[in-house]
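Heads up, coords-v8.cif below (mmCIF, C-alpha atoms (C1' of nucleotides)):
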data_protein
#
loop_
_atom_site.label_atom_id
_atom_site.label_comp_id
_atom_site.auth_asym_id
_atom_site.auth_seq_id
_atom_site.Cartn_x
_atom_site.Cartn_y
_atom_site.Cartn_z
CA MET A 1062 78.85 87.21 98.22
CA LEU A 1063 80.01 84.61 95.75
CA SER A 1064 82.05 85.83 92.78
CA LYS A 1065 80.93 85.22 89.21
CA LYS A 1066 83.78 82.77 89.00
CA ALA A 1067 82.40 80.68 91.84
CA GLN A 1068 78.90 80.81 90.36
CA TYR A 1069 80.27 79.63 87.02
CA ALA A 1070 82.23 76.87 88.74
CA LEU A 1071 79.11 75.60 90.49
CA LYS A 1072 77.12 75.72 87.25
CA ALA A 1073 79.81 73.92 85.28
CA LEU A 1074 80.28 71.23 87.91
CA GLY A 1075 76.53 70.82 88.12
CA TYR A 1076 76.44 70.27 84.38
CA LEU A 1077 79.19 67.65 84.56
CA ALA A 1078 77.44 65.91 87.43
CA GLU A 1079 74.35 65.54 85.25
CA GLN A 1080 76.19 63.61 82.53
CA LYS A 1081 75.43 59.94 82.15
CA ASN A 1082 78.43 57.62 82.55
CA ASN A 1083 80.56 60.62 83.48
CA THR A 1084 81.69 60.91 79.88
CA PRO A 1085 84.09 63.75 78.88
CA VAL A 1086 82.42 67.04 77.94
CA LEU A 1087 84.04 69.76 75.84
CA ILE A 1088 84.75 73.11 77.50
CA THR A 1089 82.99 74.64 74.50
CA THR A 1090 79.85 72.66 75.23
CA ILE A 1091 79.75 73.67 78.88
CA ALA A 1092 80.37 77.29 77.93
CA LYS A 1093 77.50 77.30 75.46
CA GLU A 1094 75.05 75.39 77.59
CA LYS A 1095 75.69 77.40 80.71
CA HIS A 1096 76.39 80.77 79.08
CA ILE A 1097 79.88 81.15 80.47
CA PRO A 1098 82.64 83.06 78.60
CA LEU A 1099 84.81 80.34 77.07
CA LYS A 1100 88.24 81.53 78.07
CA PHE A 1101 87.10 82.40 81.56
CA LEU A 1102 85.67 78.93 81.91
CA GLU A 1103 88.96 77.41 80.80
CA ASN A 1104 90.66 79.09 83.74
CA ILE A 1105 88.01 77.94 86.15
CA LEU A 1106 88.10 74.32 85.00
CA LEU A 1107 91.87 74.32 85.13
CA GLN A 1108 91.70 75.51 88.71
CA LEU A 1109 89.23 72.75 89.59
CA ASN A 1110 91.45 70.28 87.76
CA LYS A 1111 94.44 71.26 89.88
CA ALA A 1112 92.32 70.93 92.98
CA GLU A 1113 91.54 67.40 91.82
CA ILE A 1114 87.80 67.96 91.64
CA LEU A 1115 87.78 67.00 87.99
CA CYS A 1116 89.95 65.41 85.34
CA SER A 1117 90.64 66.13 81.70
CA LYS A 1118 91.29 64.07 78.63
CA LYS A 1119 93.12 65.64 75.70
CA GLY A 1120 92.78 64.95 72.01
CA LYS A 1121 89.73 63.91 70.03
CA GLY A 1122 86.89 62.66 72.22
CA GLY A 1123 88.46 64.47 75.13
CA GLY A 1124 87.01 66.97 77.56
CA TYR A 1125 86.37 67.33 81.26
CA PHE A 1126 84.74 64.89 83.61
CA LEU A 1127 84.31 64.48 87.35
CA VAL A 1128 86.84 62.50 89.30
CA GLN A 1129 84.78 62.12 92.41
CA ASP A 1130 81.23 61.08 93.12
CA PRO A 1131 78.97 64.19 93.21
CA LYS A 1132 77.70 62.84 96.53
CA THR A 1133 81.13 63.46 98.06
CA ILE A 1134 81.97 66.97 96.85
CA SER A 1135 80.60 69.63 99.19
CA VAL A 1136 79.47 73.06 98.08
CA ALA A 1137 81.80 74.49 100.74
CA LYS A 1138 84.78 72.82 99.11
CA ILE A 1139 83.99 74.24 95.68
CA ILE A 1140 83.51 77.74 97.07
CA ARG A 1141 86.81 77.54 98.94
CA ILE A 1142 88.73 76.47 95.85
CA ILE A 1143 87.45 79.39 93.81
CA ASP A 1144 86.72 82.20 96.26
CA GLY A 1145 88.78 81.25 99.28
CA PRO A 1146 87.46 81.75 102.81
CA ILE A 1147 83.79 81.38 103.67
CA ALA A 1148 84.25 82.99 107.09
CA LEU A 1149 83.59 86.70 107.58
CA LEU A 1150 87.14 87.49 108.74
CA PRO A 1151 90.50 85.76 108.34
CA CYS A 1152 90.81 85.46 112.13
CA VAL A 1153 87.84 83.05 112.17
CA SER A 1154 88.66 81.10 109.03
CA LEU A 1155 89.40 77.39 109.35
CA TYR A 1156 91.29 76.99 106.08
CA PHE A 1157 92.61 80.52 105.51
CA TYR A 1158 93.35 81.62 109.05
CA GLU A 1159 95.31 84.82 109.66
CA ARG A 1160 95.84 86.54 112.97
CA CYS A 1161 94.29 89.97 113.52
CA GLN A 1162 96.63 92.74 114.36
CA ASP A 1163 95.14 95.20 116.85
CA CYS A 1164 92.97 92.61 118.52
CA ASN A 1165 93.48 89.83 121.01
CA GLU A 1166 91.44 86.86 119.87
CA LYS A 1167 91.21 85.39 123.33
CA VAL A 1168 89.35 88.49 124.49
CA CYS A 1169 87.68 89.73 121.31
CA ARG A 1170 83.93 89.30 121.48
CA LEU A 1171 83.47 89.89 117.77
CA ASN A 1172 85.73 86.91 117.16
CA LYS A 1173 83.37 84.72 119.19
CA VAL A 1174 80.33 85.94 117.30
CA LEU A 1175 81.93 85.41 113.91
CA ILE A 1176 83.03 81.90 114.85
CA GLU A 1177 79.42 81.12 115.66
CA ALA A 1178 78.36 82.59 112.33
CA ARG A 1179 80.99 80.57 110.51
CA ASP A 1180 79.92 77.34 112.17
CA ALA A 1181 76.31 78.06 111.30
CA ILE A 1182 76.95 78.59 107.60
CA LEU A 1183 79.38 75.70 107.38
CA GLY A 1184 76.78 73.50 109.00
CA VAL A 1185 74.88 73.94 105.75
CA LEU A 1186 77.56 74.28 103.10
CA GLU A 1187 79.72 71.36 104.28
CA ASN A 1188 76.71 69.08 104.20
CA LYS A 1189 75.26 70.09 100.87
CA MET A 1190 76.89 68.18 98.07
CA LEU A 1191 77.30 68.78 94.38
CA GLN A 1192 74.56 66.22 93.91
CA ASP A 1193 72.18 68.41 95.88
CA ILE A 1194 72.43 71.28 93.41
CA VAL A 1195 71.81 69.57 90.06
CA MET B 24 84.36 88.49 103.95
CA LEU B 25 83.75 91.77 105.76
CA SER B 26 85.36 94.87 104.28
CA LYS B 27 87.74 97.00 106.31
CA LYS B 28 84.97 99.57 106.37
CA ALA B 29 82.61 97.18 108.12
CA GLN B 30 85.31 96.14 110.58
CA TYR B 31 86.00 99.77 111.38
CA ALA B 32 82.28 100.44 111.79
CA LEU B 33 81.94 97.58 114.26
CA LYS B 34 84.99 98.76 116.20
CA ALA B 35 83.79 102.36 116.29
CA LEU B 36 80.29 101.40 117.38
CA GLY B 37 81.76 99.08 119.98
CA TYR B 38 83.77 101.98 121.32
CA LEU B 39 80.71 104.21 121.51
CA ALA B 40 78.71 101.49 123.21
CA GLU B 41 81.35 101.34 125.96
CA GLN B 42 80.96 105.02 126.88
CA LYS B 43 79.32 105.84 130.17
CA ASN B 44 76.18 108.00 129.90
CA ASN B 45 76.38 107.77 126.12
CA THR B 46 78.25 111.07 126.04
CA PRO B 47 79.44 112.49 122.66
CA VAL B 48 82.87 111.27 121.49
CA LEU B 49 85.05 113.07 118.97
CA ILE B 50 85.73 111.35 115.65
CA THR B 51 89.38 112.10 116.33
CA THR B 52 89.25 110.21 119.60
CA ILE B 53 87.66 107.13 118.07
CA ALA B 54 90.14 107.24 115.19
CA LYS B 55 93.10 107.34 117.58
CA GLU B 56 91.80 104.79 120.05
CA LYS B 57 90.77 102.29 117.41
CA HIS B 58 93.52 103.02 114.87
CA ILE B 59 91.19 104.01 112.06
CA PRO B 60 92.17 106.55 109.36
CA LEU B 61 90.37 109.74 110.36
CA LYS B 62 88.81 110.75 107.06
CA PHE B 63 87.72 107.22 106.32
CA LEU B 64 86.08 107.04 109.72
CA GLU B 65 84.23 110.30 109.04
CA ASN B 66 82.60 108.68 106.01
CA ILE B 67 81.71 105.59 107.95
CA LEU B 68 80.15 107.46 110.85
CA LEU B 69 78.22 109.65 108.47
CA GLN B 70 76.82 106.55 106.83
CA LEU B 71 75.80 105.15 110.22
CA ASN B 72 74.34 108.53 111.09
CA LYS B 73 72.15 108.53 107.98
CA ALA B 74 71.09 105.00 108.81
CA GLU B 75 70.01 106.35 112.20
CA ILE B 76 72.27 104.10 114.19
CA LEU B 77 73.97 107.06 115.77
CA CYS B 78 73.58 110.78 116.24
CA SER B 79 75.94 113.71 116.16
CA LYS B 80 76.28 116.96 117.99
CA LYS B 81 78.17 119.80 116.39
CA GLY B 82 80.26 122.53 117.97
CA LYS B 83 82.33 122.41 121.14
CA GLY B 84 81.54 119.46 123.33
CA GLY B 85 80.08 117.71 120.31
CA GLY B 86 80.82 114.36 118.78
CA TYR B 87 79.04 111.12 118.01
CA PHE B 88 76.88 109.04 120.29
CA LEU B 89 74.50 106.12 119.98
CA VAL B 90 70.84 106.74 119.38
CA GLN B 91 69.69 103.27 120.24
CA ASP B 92 70.36 100.88 123.07
CA PRO B 93 73.32 98.59 122.16
CA LYS B 94 71.05 95.73 123.17
CA THR B 95 68.81 96.49 120.21
CA ILE B 96 71.30 96.93 117.35
CA SER B 97 72.13 93.64 115.69
CA VAL B 98 75.48 92.83 114.12
CA ALA B 99 73.57 91.87 110.96
CA LYS B 100 72.10 95.36 110.72
CA ILE B 101 75.49 97.05 110.98
CA ILE B 102 77.02 94.76 108.36
CA ARG B 103 74.11 95.43 105.99
CA ILE B 104 74.45 99.19 106.31
CA ILE B 105 78.12 99.13 105.43
CA ASP B 106 78.69 96.09 103.22
CA GLY B 107 75.21 95.37 101.93
CA PRO B 108 73.96 91.80 101.53
CA ILE B 109 74.98 89.02 103.91
CA ALA B 110 73.60 86.33 101.62
CA LEU B 111 75.87 84.55 99.14
CA LEU B 112 73.92 85.65 96.06
CA PRO B 113 71.47 88.48 95.36
CA CYS B 114 68.77 85.93 94.48
CA VAL B 115 68.71 84.74 98.10
CA SER B 116 69.09 88.10 99.79
CA LEU B 117 66.27 89.33 102.00
CA TYR B 118 67.14 93.03 101.90
CA PHE B 119 69.02 93.28 98.60
CA TYR B 120 67.12 90.82 96.47
CA GLU B 121 67.75 90.69 92.73
CA ARG B 122 66.47 88.09 90.32
CA CYS B 123 68.97 85.79 88.63
CA GLN B 124 68.99 85.86 84.91
CA ASP B 125 69.66 82.44 83.41
CA CYS B 126 68.08 80.56 86.28
CA ASN B 127 64.59 79.79 87.42
CA GLU B 128 64.48 80.21 91.18
CA LYS B 129 61.53 77.91 91.58
CA VAL B 130 63.58 75.05 90.17
CA CYS B 131 67.14 76.05 91.04
CA ARG B 132 68.60 73.76 93.67
CA LEU B 133 71.51 76.07 94.40
CA ASN B 134 68.96 78.71 95.35
CA LYS B 135 67.51 76.36 97.97
CA VAL B 136 70.92 75.56 99.41
CA LEU B 137 71.93 79.21 99.63
CA ILE B 138 68.67 80.13 101.31
CA GLU B 139 69.44 77.54 103.96
CA ALA B 140 72.94 78.97 104.32
CA ARG B 141 71.56 82.49 104.61
CA ASP B 142 69.08 81.47 107.29
CA ALA B 143 71.82 79.71 109.21
CA ILE B 144 74.15 82.69 109.31
CA LEU B 145 71.32 85.15 109.99
CA GLY B 146 70.24 82.96 112.88
CA VAL B 147 73.46 84.09 114.49
CA LEU B 148 74.01 87.61 113.21
CA GLU B 149 70.45 88.84 113.74
CA ASN B 150 70.55 87.69 117.34
CA LYS B 151 73.95 89.02 118.29
CA MET B 152 73.73 92.61 119.36
CA LEU B 153 76.21 95.44 119.53
CA GLN B 154 76.26 94.83 123.27
CA ASP B 155 77.55 91.31 122.66
CA ILE B 156 80.71 92.52 120.97
CA VAL B 157 82.03 95.14 123.40
"C1'" DT C 149 82.47 136.12 115.95
"C1'" DA C 150 86.01 132.81 116.35
"C1'" DA C 151 86.82 128.28 117.24
"C1'" DT C 152 84.95 123.73 117.24
"C1'" DA C 153 83.20 119.84 115.11
"C1'" DG C 154 80.40 117.39 111.95
"C1'" DT C 155 78.64 117.30 106.53
"C1'" DA C 156 79.17 116.64 101.83
"C1'" DT C 157 81.14 115.70 97.52
"C1'" DA C 158 84.52 114.41 94.70
"C1'" DG C 159 88.75 112.44 93.65
"C1'" DT C 160 92.56 108.89 93.59
"C1'" DA C 161 95.58 104.84 94.15
"C1'" DA C 162 95.70 100.06 94.85
"C1'" DA C 163 93.62 95.75 94.61
"C1'" DT C 164 90.46 92.53 92.84
"C1'" DT C 165 87.34 90.71 89.56
"C1'" DT C 166 86.12 89.51 85.13
"C1'" DG C 167 87.36 88.43 80.92
"C1'" DT C 168 90.77 88.03 76.56
"C1'" DA C 169 94.78 86.57 73.52
"C1'" DG C 170 97.84 83.63 71.82
"C1'" DA C 171 101.33 80.36 71.82
"C1'" DC C 172 102.15 75.68 73.62
"C1'" DT C 173 101.59 70.72 74.87
"C1'" DT C 174 99.55 66.38 74.71
"C1'" DG C 175 97.34 62.61 72.77
"C1'" DC C 176 94.29 60.40 69.28
"C1'" DT C 177 93.49 58.86 64.56
"C1'" DT C 178 94.79 57.72 60.12
"C1'" DA D 1414 104.70 60.17 61.25
"C1'" DA D 1415 101.29 63.82 60.10
"C1'" DG D 1416 97.83 66.45 61.47
"C1'" DC D 1417 94.17 67.87 64.05
"C1'" DA D 1418 91.56 68.04 68.36
"C1'" DA D 1419 91.48 69.56 72.78
"C1'" DG D 1420 93.26 71.03 77.12
"C1'" DT D 1421 97.44 74.06 79.40
"C1'" DC D 1422 99.83 78.08 80.51
"C1'" DT D 1423 101.20 82.80 80.86
"C1'" DA D 1424 100.34 87.23 80.44
"C1'" DC D 1425 97.65 90.93 79.86
"C1'" DA D 1426 93.64 94.37 80.03
"C1'" DA D 1427 89.24 96.43 81.17
"C1'" DA D 1428 85.98 97.23 84.71
"C1'" DT D 1429 84.77 97.48 89.28
"C1'" DT D 1430 85.40 97.89 94.12
"C1'" DT D 1431 87.95 99.11 98.16
"C1'" DA D 1432 90.37 102.02 101.01
"C1'" DC D 1433 91.57 106.27 101.72
"C1'" DT D 1434 92.29 111.65 100.93
"C1'" DA D 1435 91.24 116.58 99.95
"C1'" DT D 1436 88.72 120.38 100.28
"C1'" DA D 1437 85.15 123.32 100.95
"C1'" DC D 1438 81.01 123.93 103.63
"C1'" DT D 1439 77.55 124.18 107.53
"C1'" DA D 1440 76.00 124.22 112.18
"C1'" DT D 1441 76.86 125.05 117.13
"C1'" DT D 1442 78.44 127.19 121.07
"C1'" DA D 1443 81.32 129.91 124.14
#
What is this file in C-alpha cells?
Amino acid sequence: MLSKKAQYALKALGYLAEQKNNTPVLITTIAKEKHIPLKFLENILLQLNKAEILCSKKGKGGGYFLVQDPKTISVAKIIRIIDGPIALLPCVSLYFYERCQDCNEKVCRLNKVLIEARDAILGVLENKMLQDIV
Amino acid sequence: MLSKKAQYALKALGYLAEQKNNTPVLITTIAKEKHIPLKFLENILLQLNKAEILCSKKGKGGGYFLVQDPKTISVAKIIRIIDGPIALLPCVSLYFYERCQDCNEKVCRLNKVLIEARDAILGVLENKMLQDIV
DNA sequence: TAATAGTATAGTAAATTTGTAGACTTGCTT
DNA sequence: AAGCAAGTCTACAAATTTACTATACTATTA
C-alpha cells in the first residue's frame, strides 16, 4: 500500500501539473487546496525537489513549480522517490535490490513469481504519467 | 512490500506442500527447517488455520497439514490472509475496499490508474498457486 | 493420567509513519 | 541596505505497525 506521504506527493504534483504556464505555487496554497498538513508537505516537496522532479523559487512571488513535462514523469518514479521499492520483496526489486539470505534466487520459485508480479505492475505504473492523473 | 510474517507464511506453506501424503508436521520442525521464530510461527499458522488454509491435529503424532490441494491455493490468497490488501490504496482494493475521503472516485484519475495496476498484479498472483512456489 | 502438541491472549521492543517546531538561508523589493 | 517573503534544514515526538515473546490453557492420545 502507498503511504500517506506518497498519496500527498501525487496530489501535490497533480496540482502543480494543473497550473497554467507552470507558474510558482506557494506551499501554503497547495496545503490548503489539497488538505495536506503544511509542515509535512514541506518535507515532501523538498524530497521531490532533491529528486529533481520540481524546482523552487525563494522570496516574494516564489513557490514550487514542475521542472519536467508532466507527460514525462511516471507514477512509478514518484512512488519510488517517496516510498521506495514497488516490488513485493527486495530480492525482486529493480532499483532497491537486496539479496535474500536463506534462499537461492536461482532456484527459488517464489522469486520467479514475484518477478512476474513486479513486471506486471510496472507495466502499468511506468507507463502512466503525471499527466494521466490530473 | 511483503511483511516478514507473509514471507514466513509462504515458506511454511511451501514446506507443508512438499510433504508426502500430507502428513502432519510439527510447528517445531517447520520453525527449524525454515528458520522461523517458533512463537511467531505459531501465530502465523493459527491465522492460516482460522482462514481454513490448513488444519491441525493435537496430541502425539499431531501437527499441521494442508486442507486444500496446493494447486488450488493462490499466492494472492495467502498474502491477503496475512498482510491484507494487495492493492496500492484501499479505494482500489477488491477485498478490503474503503472509500477515500477528499476524492471522488468517479472522477479521480489516480483511482483509474491504480485499478489498472491492481488488475495487472492480480493477474499474476491470483493465477500462481502454492504448488508453483515449492 | 502423563506427555504431547496446538490454542489463545496479551504484552513488549524496535522500527516506521505521520506530523510538528523552530531556527536558518536565500532572494526580491523598496 | 533593510526588511520581509518564502523555501531549507535538522531534530524531535506521537501514533501506529511489525516482529517477536510469555504464559496459561485446551485437546488428544498412548
Fit chain A to chain B, all Cα atoms paired in order, least squares. Then write it as a PDB file with C-alpha atoms, keeping the file's coordinate frame.
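Everything below was put into result29.pdb:
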ATOM      1  CA  MET A1062      84.325  88.494 103.951  1.00  0.00           C
ATOM      2  CA  LEU A1063      83.709  91.751 105.746  1.00  0.00           C
ATOM      3  CA  SER A1064      85.311  94.870 104.273  1.00  0.00           C
ATOM      4  CA  LYS A1065      87.709  97.014 106.280  1.00  0.00           C
ATOM      5  CA  LYS A1066      84.952  99.576 106.365  1.00  0.00           C
ATOM      6  CA  ALA A1067      82.577  97.193 108.101  1.00  0.00           C
ATOM      7  CA  GLN A1068      85.285  96.128 110.549  1.00  0.00           C
ATOM      8  CA  TYR A1069      85.976  99.772 111.366  1.00  0.00           C
ATOM      9  CA  ALA A1070      82.261 100.440 111.777  1.00  0.00           C
ATOM     10  CA  LEU A1071      81.915  97.585 114.254  1.00  0.00           C
ATOM     11  CA  LYS A1072      84.977  98.753 116.185  1.00  0.00           C
ATOM     12  CA  ALA A1073      83.793 102.350 116.308  1.00  0.00           C
ATOM     13  CA  LEU A1074      80.280 101.414 117.383  1.00  0.00           C
ATOM     14  CA  GLY A1075      81.726  99.087 119.984  1.00  0.00           C
ATOM     15  CA  TYR A1076      83.764 101.968 121.343  1.00  0.00           C
ATOM     16  CA  LEU A1077      80.709 104.225 121.523  1.00  0.00           C
ATOM     17  CA  ALA A1078      78.709 101.498 123.224  1.00  0.00           C
ATOM     18  CA  GLU A1079      81.348 101.342 125.954  1.00  0.00           C
ATOM     19  CA  GLN A1080      80.966 105.015 126.885  1.00  0.00           C
ATOM     20  CA  LYS A1081      79.328 105.840 130.176  1.00  0.00           C
ATOM     21  CA  ASN A1082      76.198 108.003 129.925  1.00  0.00           C
ATOM     22  CA  ASN A1083      76.415 107.786 126.142  1.00  0.00           C
ATOM     23  CA  THR A1084      78.285 111.076 126.080  1.00  0.00           C
ATOM     24  CA  PRO A1085      79.475 112.504 122.709  1.00  0.00           C
ATOM     25  CA  VAL A1086      82.887 111.288 121.536  1.00  0.00           C
ATOM     26  CA  LEU A1087      85.070 113.093 119.005  1.00  0.00           C
ATOM     27  CA  ILE A1088      85.738 111.373 115.677  1.00  0.00           C
ATOM     28  CA  THR A1089      89.401 112.117 116.359  1.00  0.00           C
ATOM     29  CA  THR A1090      89.266 110.203 119.620  1.00  0.00           C
ATOM     30  CA  ILE A1091      87.658 107.148 118.061  1.00  0.00           C
ATOM     31  CA  ALA A1092      90.161 107.243 115.212  1.00  0.00           C
ATOM     32  CA  LYS A1093      93.106 107.332 117.592  1.00  0.00           C
ATOM     33  CA  GLU A1094      91.804 104.777 120.034  1.00  0.00           C
ATOM     34  CA  LYS A1095      90.777 102.293 117.396  1.00  0.00           C
ATOM     35  CA  HIS A1096      93.513 103.011 114.846  1.00  0.00           C
ATOM     36  CA  ILE A1097      91.178 103.997 112.047  1.00  0.00           C
ATOM     37  CA  PRO A1098      92.166 106.547 109.348  1.00  0.00           C
ATOM     38  CA  LEU A1099      90.398 109.752 110.375  1.00  0.00           C
ATOM     39  CA  LYS A1100      88.831 110.769 107.105  1.00  0.00           C
ATOM     40  CA  PHE A1101      87.744 107.238 106.339  1.00  0.00           C
ATOM     41  CA  LEU A1102      86.101 107.057 109.726  1.00  0.00           C
ATOM     42  CA  GLU A1103      84.259 110.302 109.061  1.00  0.00           C
ATOM     43  CA  ASN A1104      82.626 108.688 106.047  1.00  0.00           C
ATOM     44  CA  ILE A1105      81.712 105.595 107.984  1.00  0.00           C
ATOM     45  CA  LEU A1106      80.171 107.496 110.889  1.00  0.00           C
ATOM     46  CA  LEU A1107      78.252 109.694 108.498  1.00  0.00           C
ATOM     47  CA  GLN A1108      76.832 106.599 106.866  1.00  0.00           C
ATOM     48  CA  LEU A1109      75.800 105.196 110.251  1.00  0.00           C
ATOM     49  CA  ASN A1110      74.347 108.586 111.132  1.00  0.00           C
ATOM     50  CA  LYS A1111      72.168 108.559 108.026  1.00  0.00           C
ATOM     51  CA  ALA A1112      71.068 105.050 108.858  1.00  0.00           C
ATOM     52  CA  GLU A1113      70.012 106.405 112.244  1.00  0.00           C
ATOM     53  CA  ILE A1114      72.290 104.109 114.212  1.00  0.00           C
ATOM     54  CA  LEU A1115      73.987 107.078 115.809  1.00  0.00           C
ATOM     55  CA  CYS A1116      73.608 110.807 116.265  1.00  0.00           C
ATOM     56  CA  SER A1117      75.981 113.741 116.168  1.00  0.00           C
ATOM     57  CA  LYS A1118      76.317 116.986 118.024  1.00  0.00           C
ATOM     58  CA  LYS A1119      78.211 119.853 116.413  1.00  0.00           C
ATOM     59  CA  GLY A1120      80.254 122.582 118.020  1.00  0.00           C
ATOM     60  CA  LYS A1121      82.339 122.484 121.174  1.00  0.00           C
ATOM     61  CA  GLY A1122      81.594 119.467 123.357  1.00  0.00           C
ATOM     62  CA  GLY A1123      80.122 117.760 120.335  1.00  0.00           C
ATOM     63  CA  GLY A1124      80.844 114.384 118.806  1.00  0.00           C
ATOM     64  CA  TYR A1125      79.070 111.141 118.055  1.00  0.00           C
ATOM     65  CA  PHE A1126      76.908 109.066 120.325  1.00  0.00           C
ATOM     66  CA  LEU A1127      74.536 106.131 120.005  1.00  0.00           C
ATOM     67  CA  VAL A1128      70.877 106.761 119.425  1.00  0.00           C
ATOM     68  CA  GLN A1129      69.710 103.295 120.254  1.00  0.00           C
ATOM     69  CA  ASP A1130      70.362 100.890 123.078  1.00  0.00           C
ATOM     70  CA  PRO A1131      73.310  98.596 122.162  1.00  0.00           C
ATOM     71  CA  LYS A1132      71.034  95.720 123.166  1.00  0.00           C
ATOM     72  CA  THR A1133      68.788  96.499 120.193  1.00  0.00           C
ATOM     73  CA  ILE A1134      71.279  96.951 117.351  1.00  0.00           C
ATOM     74  CA  SER A1135      72.116  93.647 115.675  1.00  0.00           C
ATOM     75  CA  VAL A1136      75.456  92.847 114.101  1.00  0.00           C
ATOM     76  CA  ALA A1137      73.537  91.893 110.945  1.00  0.00           C
ATOM     77  CA  LYS A1138      72.079  95.378 110.709  1.00  0.00           C
ATOM     78  CA  ILE A1139      75.470  97.063 110.969  1.00  0.00           C
ATOM     79  CA  ILE A1140      76.978  94.778 108.339  1.00  0.00           C
ATOM     80  CA  ARG A1141      74.082  95.449 105.975  1.00  0.00           C
ATOM     81  CA  ILE A1142      74.417  99.212 106.306  1.00  0.00           C
ATOM     82  CA  ILE A1143      78.098  99.153 105.427  1.00  0.00           C
ATOM     83  CA  ASP A1144      78.646  96.115 103.213  1.00  0.00           C
ATOM     84  CA  GLY A1145      75.179  95.380 101.907  1.00  0.00           C
ATOM     85  CA  PRO A1146      73.928  91.811 101.518  1.00  0.00           C
ATOM     86  CA  ILE A1147      74.955  89.038 103.885  1.00  0.00           C
ATOM     87  CA  ALA A1148      73.584  86.330 101.584  1.00  0.00           C
ATOM     88  CA  LEU A1149      75.869  84.549  99.126  1.00  0.00           C
ATOM     89  CA  LEU A1150      73.899  85.630  96.041  1.00  0.00           C
ATOM     90  CA  PRO A1151      71.453  88.447  95.317  1.00  0.00           C
ATOM     91  CA  CYS A1152      68.756  85.895  94.440  1.00  0.00           C
ATOM     92  CA  VAL A1153      68.705  84.717  98.079  1.00  0.00           C
ATOM     93  CA  SER A1154      69.070  88.088  99.763  1.00  0.00           C
ATOM     94  CA  LEU A1155      66.241  89.315 101.978  1.00  0.00           C
ATOM     95  CA  TYR A1156      67.112  93.010 101.873  1.00  0.00           C
ATOM     96  CA  PHE A1157      68.983  93.272  98.563  1.00  0.00           C
ATOM     97  CA  TYR A1158      67.089  90.786  96.437  1.00  0.00           C
ATOM     98  CA  GLU A1159      67.711  90.649  92.689  1.00  0.00           C
ATOM     99  CA  ARG A1160      66.442  88.036  90.289  1.00  0.00           C
ATOM    100  CA  CYS A1161      68.952  85.745  88.582  1.00  0.00           C
ATOM    101  CA  GLN A1162      68.982  85.786  84.860  1.00  0.00           C
ATOM    102  CA  ASP A1163      69.661  82.351  83.371  1.00  0.00           C
ATOM    103  CA  CYS A1164      68.094  80.495  86.253  1.00  0.00           C
ATOM    104  CA  ASN A1165      64.594  79.712  87.403  1.00  0.00           C
ATOM    105  CA  GLU A1166      64.482  80.132  91.157  1.00  0.00           C
ATOM    106  CA  LYS A1167      61.539  77.817  91.565  1.00  0.00           C
ATOM    107  CA  VAL A1168      63.619  74.973  90.151  1.00  0.00           C
ATOM    108  CA  CYS A1169      67.173  75.985  91.036  1.00  0.00           C
ATOM    109  CA  ARG A1170      68.632  73.693  93.662  1.00  0.00           C
ATOM    110  CA  LEU A1171      71.529  76.015  94.398  1.00  0.00           C
ATOM    111  CA  ASN A1172      68.985  78.660  95.342  1.00  0.00           C
ATOM    112  CA  LYS A1173      67.531  76.311  97.960  1.00  0.00           C
ATOM    113  CA  VAL A1174      70.936  75.534  99.408  1.00  0.00           C
ATOM    114  CA  LEU A1175      71.945  79.177  99.610  1.00  0.00           C
ATOM    115  CA  ILE A1176      68.676  80.107 101.303  1.00  0.00           C
ATOM    116  CA  GLU A1177      69.454  77.520 103.948  1.00  0.00           C
ATOM    117  CA  ALA A1178      72.945  78.952 104.316  1.00  0.00           C
ATOM    118  CA  ARG A1179      71.562  82.461 104.604  1.00  0.00           C
ATOM    119  CA  ASP A1180      69.073  81.457 107.275  1.00  0.00           C
ATOM    120  CA  ALA A1181      71.816  79.711 109.208  1.00  0.00           C
ATOM    121  CA  ILE A1182      74.134  82.710 109.298  1.00  0.00           C
ATOM    122  CA  LEU A1183      71.319  85.144 109.975  1.00  0.00           C
ATOM    123  CA  GLY A1184      70.231  82.957 112.849  1.00  0.00           C
ATOM    124  CA  VAL A1185      73.452  84.100 114.488  1.00  0.00           C
ATOM    125  CA  LEU A1186      74.005  87.612 113.191  1.00  0.00           C
ATOM    126  CA  GLU A1187      70.431  88.847 113.725  1.00  0.00           C
ATOM    127  CA  ASN A1188      70.553  87.698 117.321  1.00  0.00           C
ATOM    128  CA  LYS A1189      73.953  89.019 118.274  1.00  0.00           C
ATOM    129  CA  MET A1190      73.735  92.619 119.341  1.00  0.00           C
ATOM    130  CA  LEU A1191      76.202  95.452 119.521  1.00  0.00           C
ATOM    131  CA  GLN A1192      76.265  94.835 123.249  1.00  0.00           C
ATOM    132  CA  ASP A1193      77.536  91.319 122.642  1.00  0.00           C
ATOM    133  CA  ILE A1194      80.709  92.526 120.945  1.00  0.00           C
ATOM    134  CA  VAL A1195      82.053  95.111 123.403  1.00  0.00           C
TER     135      VAL A1195
END
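Matched in the shown structure by the PyMOL selection byres ((chain A and resi 1195) around 8): Gly1075, Tyr1076, Ala1078, Glu1079, Leu1191, Gln1192, Asp1193 and Ile1194 of chain A; Arg132 and Leu133 of chain B.
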Sorted by chain and rising residue number, which residues of chain A lie within 8 Å of chain C, and what are their closest atom pairs and distances in Å to one decimal, counting all atoms listed in the file, as JSON lines?
{"residue": "A:Ser1064", "atom": "CA", "partner": "C:DT165", "partner_atom": "C1'", "distance": 7.9}
{"residue": "A:Lys1065", "atom": "CA", "partner": "C:DT166", "partner_atom": "C1'", "distance": 7.9}
{"residue": "A:Pro1098", "atom": "CA", "partner": "C:DG167", "partner_atom": "C1'", "distance": 7.5}
{"residue": "A:Lys1100", "atom": "CA", "partner": "C:DT168", "partner_atom": "C1'", "distance": 7.1}
{"residue": "A:Phe1101", "atom": "CA", "partner": "C:DG167", "partner_atom": "C1'", "distance": 6.1}
{"residue": "A:Lys1119", "atom": "CA", "partner": "C:DG175", "partner_atom": "C1'", "distance": 6.0}
{"residue": "A:Gly1120", "atom": "CA", "partner": "C:DG175", "partner_atom": "C1'", "distance": 5.2}
{"residue": "A:Lys1121", "atom": "CA", "partner": "C:DC176", "partner_atom": "C1'", "distance": 5.8}
Within 10 Å of chain A, which residues of chain B show up when using all atoms listed in the file, listed as a PyMOL selection string? chain B and resi 24-27+30+33-34+37+57-58+98+107-113+116+125-126+130-148+150-157
